[in-house]
Amino acid sequence: MQLGQVFDQVCTWEYPADAVLSHWLRAHPQVGARDRAQLAEAVYDVLRHLRRYRHYAESGTGTANRRLAILGLLATQGREVLEPVLNDEERAWLERLEGIEADSLPLAVRHSFPDWLSEQLAVLADGESLMASLNLPAGLDLRVNPMKADRDELLAALRKSMPQHDPQPTPYSPWGIRVQGRPSLQRTSQFEHGLLEVQDEGSQLLALLVGPKRGEMIIDFCAGAGGKTLLLGALMRSTGRLYAFDVSAARLARAKPRLARSGLSNVATIALEHENDVRVKRLAGKAQRVLVDAPCSGMGTLRRNPDMKWRQSPQSVRELCDVQARVLESAARCVAPGGRLVYATCSLLPQENEEQVQAFLKKHPAFQLLDAGAILEPRAPGLGMQDSYLRLRPDQHGTDGFFAAAMERRGDTA
């Protein structure tokens, strides 16, 4: 069974699941397009529900990965697809599983989380609802380039060209469009001409929180492949100076074709040696806005990257927290008096979010916390934030899990 072969490689946890799956598919070009899509769907289903499936598989026969493959295909393709490859023992095993009530299982097993992560998520508000939502597949969020296109016009065009993907405006971002499934965007004229990019709605809202203005100097400190950089530059109308920093030259290289399509001319991409690179020090106190989308555990993106919950650990999260503190410290030096610093992660864990911000503010009294909800309300109403932070969740907002805090450096330099 092909799914079992793929899962043997995925379960080494050495590489991200999407990279392993892509590598396997390239090595097996004889697999047809439909089978590829079904295989990918089943792999991700098993990753989402791995702990519960392993619990069920303890009572089965045959290899463990075959049992996992059977459960993944059952969930995504149905019993009829499986019947030709099942033996009598496997059919009897599946019938026994039908009698198991999921609610009778421990919380961490029921929602398939490692114990350490289940304990941290369960204590958050509506923790079980959050855990359940992280196991649901996510739609695909697109973002209109505000320099080149109008969302309503582009939405109408997409509804004509891909009605099967049900394009809808995102509820909060004024530039977002959400589609179902996986359309071939790279073949569309809108994508080729830079009118459209892939970007989660939560990530789009970070640009509103940064609040860029024309002519300013702005730094995207952890720019990655440039999704947020593109939107910041468009909101600046390609004026001023926008620096895209990252310690990975490979990630920045992926941003360059996107920048070329976008029509921006105010972006400088700079690969840093480390967070205290001399090129960072030269910009001390000069930037009106600095965005730090910090490296994090990715626990808010489990709908798209379910393997992350098995590849991370308490130790790796602690190490990431150390990196986050150093990056935030370095980025803060670049903020001009009266300027804004935005710290963000795609994590749901307090030690990567609120605790990082509180520790930073305690150490740096020149910065004060702003009300993120008040900043966002004019352009993204209805988010319903309970305090000064931006917290987004799939069960409440339909986005990935995001956190952000906006801080302002006081106008004096004391």
# chains A, B, ... in the order shown; residues from 1 in each chain; ligands from 1
$ residues_around --residues "Ala122 (chain A)" --least-positions-apart "4" --cutoff "12 Å" --atoms "only C-alpha atoms" --output "PyMOL selection string"
chain A and resi 107-108+111+113-118+126-132+348-349
$ write_last_selection --atoms "N, CA and C atoms" --output "tab-separated table (two decimals), in the first residue's frame"
chain	number	residue	atom	x	y	z
A	107	LEU	N	-8.61	12.86	26.62
A	107	LEU	CA	-8.63	14.06	25.77
A	107	LEU	C	-7.49	14.07	24.76
A	108	ALA	N	-6.27	13.79	25.23
A	108	ALA	CA	-5.11	13.85	24.34
A	108	ALA	C	-5.18	12.79	23.24
A	111	HIS	N	-8.22	13.76	20.62
A	111	HIS	CA	-7.89	14.80	19.65
A	111	HIS	C	-6.46	14.67	19.09
A	113	PHE	N	-3.10	14.64	20.33
A	113	PHE	CA	-2.02	15.56	20.67
A	113	PHE	C	-1.06	14.87	21.62
A	114	PRO	N	0.23	15.19	21.54
A	114	PRO	CA	1.13	14.70	22.58
A	114	PRO	C	0.73	15.27	23.93
A	115	ASP	N	1.03	14.56	25.01
A	115	ASP	CA	0.57	14.97	26.34
A	115	ASP	C	0.97	16.40	26.68
A	116	TRP	N	2.23	16.76	26.40
A	116	TRP	CA	2.70	18.09	26.79
A	116	TRP	C	1.91	19.20	26.11
A	117	LEU	N	1.54	18.99	24.84
A	117	LEU	CA	0.81	20.01	24.10
A	117	LEU	C	-0.67	20.01	24.48
A	118	SER	N	-1.22	18.83	24.68
A	118	SER	CA	-2.61	18.74	25.13
A	118	SER	C	-2.81	19.48	26.45
A	126	ASP	N	-11.91	27.63	26.14
A	126	ASP	CA	-12.51	26.68	25.19
A	126	ASP	C	-11.44	25.80	24.55
A	127	GLY	N	-10.60	25.23	25.41
A	127	GLY	CA	-9.44	24.48	24.94
A	127	GLY	C	-9.79	23.29	24.06
A	128	GLU	N	-10.85	22.55	24.41
A	128	GLU	CA	-11.18	21.39	23.60
A	128	GLU	C	-11.70	21.80	22.22
A	129	SER	N	-12.46	22.89	22.17
A	129	SER	CA	-12.91	23.41	20.88
A	129	SER	C	-11.73	23.80	20.01
A	130	LEU	N	-10.72	24.42	20.62
A	130	LEU	CA	-9.52	24.80	19.89
A	130	LEU	C	-8.79	23.57	19.37
A	131	MET	N	-8.63	22.55	20.20
A	131	MET	CA	-7.93	21.34	19.78
A	131	MET	C	-8.65	20.66	18.63
A	132	ALA	N	-9.97	20.60	18.71
A	132	ALA	CA	-10.74	19.98	17.63
A	132	ALA	C	-10.58	20.75	16.33
A	348	LEU	N	0.16	29.35	19.53
A	348	LEU	CA	-0.91	29.55	20.51
A	348	LEU	C	-0.40	29.46	21.94
A	349	LEU	N	0.90	29.22	22.11
A	349	LEU	CA	1.46	28.94	23.43
A	349	LEU	C	1.86	30.24	24.13
$ atom_distance --atom1 "CA of Leu291 (chain A)" --atom2 "CA of Asp220 (chain A)"
4.9 Å
$ closest_residue --among "A:Trp24, A:Trp175, A:Tyr243, A:Phe403" --to "Met385 (chain A)" --atoms "only C-alpha atoms"
A:Phe403
$ select_by_dssp --residues "region 1-170 of chain A" --states "alpha helix (DSSP H)" --output "ChimeraX atom specification"
/A:2-10,17-27,33-48,50-57,64-77,79-82,88-97,107-110,115-122,127-133,151-161
$ closest_residue --among "A:Leu383, A:Leu47, A:Leu376, A:Val6" --to "Arg311 (chain A)" --atoms "only C-alpha atoms"
A:Leu47
$ atom_distance --atom1 "CA of Ser203 (chain A)" --atom2 "CA of His23 (chain A)"
28.0 Å
$ decode --residues "region 268-302 of chain A" --atoms "N, CA and C atoms" --output "mmCIF file, in the first residue's frame"
data_model
loop_
_atom_site.group_PDB
_atom_site.id
_atom_site.type_symbol
_atom_site.label_atom_id
_atom_site.label_comp_id
_atom_site.auth_asym_id
_atom_site.auth_seq_id
_atom_site.Cartn_x
_atom_site.Cartn_y
_atom_site.Cartn_z
ATOM 1 N N ALA A 268 14.318 46.279 -0.164
ATOM 2 C CA ALA A 268 15.698 45.784 -0.160
ATOM 3 C C ALA A 268 15.737 44.506 0.661
ATOM 4 N N THR A 269 16.083 43.371 0.042
ATOM 5 C CA THR A 269 16.181 42.104 0.765
ATOM 6 C C THR A 269 17.617 41.914 1.253
ATOM 7 N N ILE A 270 17.765 41.587 2.513
ATOM 8 C CA ILE A 270 19.098 41.476 3.128
ATOM 9 C C ILE A 270 19.158 40.198 3.956
ATOM 10 N N ALA A 271 20.073 39.305 3.589
ATOM 11 C CA ALA A 271 20.301 38.080 4.356
ATOM 12 C C ALA A 271 21.278 38.387 5.488
ATOM 13 N N LEU A 272 20.821 38.213 6.728
ATOM 14 C CA LEU A 272 21.634 38.526 7.909
ATOM 15 C C LEU A 272 22.460 37.320 8.328
ATOM 16 N N GLU A 273 23.618 37.596 8.898
ATOM 17 C CA GLU A 273 24.423 36.523 9.488
ATOM 18 C C GLU A 273 23.777 36.026 10.779
ATOM 19 N N HIS A 274 23.220 36.940 11.541
ATOM 20 C CA HIS A 274 22.541 36.648 12.814
ATOM 21 C C HIS A 274 21.763 37.888 13.205
ATOM 22 N N GLU A 275 21.034 37.795 14.329
ATOM 23 C CA GLU A 275 20.151 38.905 14.690
ATOM 24 C C GLU A 275 20.906 40.186 15.044
ATOM 25 N N ASN A 276 22.193 40.091 15.373
ATOM 26 C CA ASN A 276 22.981 41.284 15.705
ATOM 27 C C ASN A 276 23.946 41.675 14.584
ATOM 28 N N ASP A 277 23.597 41.329 13.380
ATOM 29 C CA ASP A 277 24.382 41.670 12.199
ATOM 30 C C ASP A 277 24.676 43.181 12.184
ATOM 31 N N VAL A 278 25.856 43.555 11.710
ATOM 32 C CA VAL A 278 26.251 44.963 11.688
ATOM 33 C C VAL A 278 25.279 45.805 10.881
ATOM 34 N N ARG A 279 24.631 45.210 9.868
ATOM 35 C CA ARG A 279 23.670 45.964 9.061
ATOM 36 C C ARG A 279 22.413 46.308 9.852
ATOM 37 N N VAL A 280 22.125 45.526 10.877
ATOM 38 C CA VAL A 280 21.027 45.872 11.785
ATOM 39 C C VAL A 280 21.442 47.052 12.658
ATOM 40 N N LYS A 281 22.646 47.023 13.169
ATOM 41 C CA LYS A 281 23.121 48.087 14.059
ATOM 42 C C LYS A 281 23.150 49.443 13.359
ATOM 43 N N ARG A 282 23.402 49.446 12.051
ATOM 44 C CA ARG A 282 23.433 50.710 11.310
ATOM 45 C C ARG A 282 22.071 51.389 11.255
ATOM 46 N N LEU A 283 21.014 50.613 11.467
ATOM 47 C CA LEU A 283 19.660 51.172 11.404
ATOM 48 C C LEU A 283 19.099 51.481 12.784
ATOM 49 N N ALA A 284 19.935 51.491 13.790
ATOM 50 C CA ALA A 284 19.476 51.740 15.162
ATOM 51 C C ALA A 284 18.737 53.074 15.258
ATOM 52 N N GLY A 285 17.500 53.013 15.775
ATOM 53 C CA GLY A 285 16.720 54.222 16.013
ATOM 54 C C GLY A 285 16.213 54.914 14.769
ATOM 55 N N LYS A 286 16.191 54.235 13.601
ATOM 56 C CA LYS A 286 15.848 54.913 12.355
ATOM 57 C C LYS A 286 14.510 54.498 11.739
ATOM 58 N N ALA A 287 13.954 53.372 12.125
ATOM 59 C CA ALA A 287 12.753 52.849 11.455
ATOM 60 C C ALA A 287 11.478 53.274 12.173
ATOM 61 N N GLN A 288 10.495 53.737 11.400
ATOM 62 C CA GLN A 288 9.215 54.130 11.995
ATOM 63 C C GLN A 288 8.370 52.909 12.381
ATOM 64 N N ARG A 289 8.546 51.805 11.669
ATOM 65 C CA ARG A 289 7.783 50.589 11.964
ATOM 66 C C ARG A 289 8.711 49.385 11.819
ATOM 67 N N VAL A 290 8.635 48.465 12.769
ATOM 68 C CA VAL A 290 9.418 47.230 12.704
ATOM 69 C C VAL A 290 8.485 46.062 13.027
ATOM 70 N N LEU A 291 8.426 45.107 12.107
ATOM 71 C CA LEU A 291 7.625 43.894 12.321
ATOM 72 C C LEU A 291 8.549 42.729 12.610
ATOM 73 N N VAL A 292 8.280 42.033 13.707
ATOM 74 C CA VAL A 292 9.016 40.826 14.056
ATOM 75 C C VAL A 292 8.034 39.656 14.050
ATOM 76 N N ASP A 293 7.952 38.954 12.926
ATOM 77 C CA ASP A 293 7.166 37.713 12.855
ATOM 78 C C ASP A 293 8.138 36.601 13.227
ATOM 79 N N ALA A 294 8.246 36.352 14.518
ATOM 80 C CA ALA A 294 9.365 35.586 15.069
ATOM 81 C C ALA A 294 9.294 34.099 14.712
ATOM 82 N N PRO A 295 10.459 33.456 14.603
ATOM 83 C CA PRO A 295 10.465 31.992 14.452
ATOM 84 C C PRO A 295 9.782 31.370 15.668
ATOM 85 N N CYS A 296 8.918 30.403 15.420
ATOM 86 C CA CYS A 296 8.118 29.868 16.525
ATOM 87 C C CYS A 296 7.801 28.399 16.278
ATOM 88 N N SER A 297 7.074 27.803 17.209
ATOM 89 C CA SER A 297 6.741 26.378 17.143
ATOM 90 C C SER A 297 5.753 26.060 16.037
ATOM 91 N N GLY A 298 5.013 27.070 15.547
ATOM 92 C CA GLY A 298 4.021 26.824 14.503
ATOM 93 C C GLY A 298 2.774 26.125 14.996
ATOM 94 N N MET A 299 2.504 26.143 16.296
ATOM 95 C CA MET A 299 1.356 25.408 16.819
ATOM 96 C C MET A 299 0.015 26.005 16.387
ATOM 97 N N GLY A 300 0.030 27.198 15.820
ATOM 98 C CA GLY A 300 -1.203 27.758 15.277
ATOM 99 C C GLY A 300 -1.499 27.310 13.868
ATOM 100 N N THR A 301 -0.554 26.628 13.229
ATOM 101 C CA THR A 301 -0.710 26.236 11.822
ATOM 102 C C THR A 301 -0.956 24.739 11.654
ATOM 103 N N LEU A 302 -1.403 24.062 12.704
ATOM 104 C CA LEU A 302 -1.538 22.607 12.649
ATOM 105 C C LEU A 302 -2.573 22.139 11.630
#
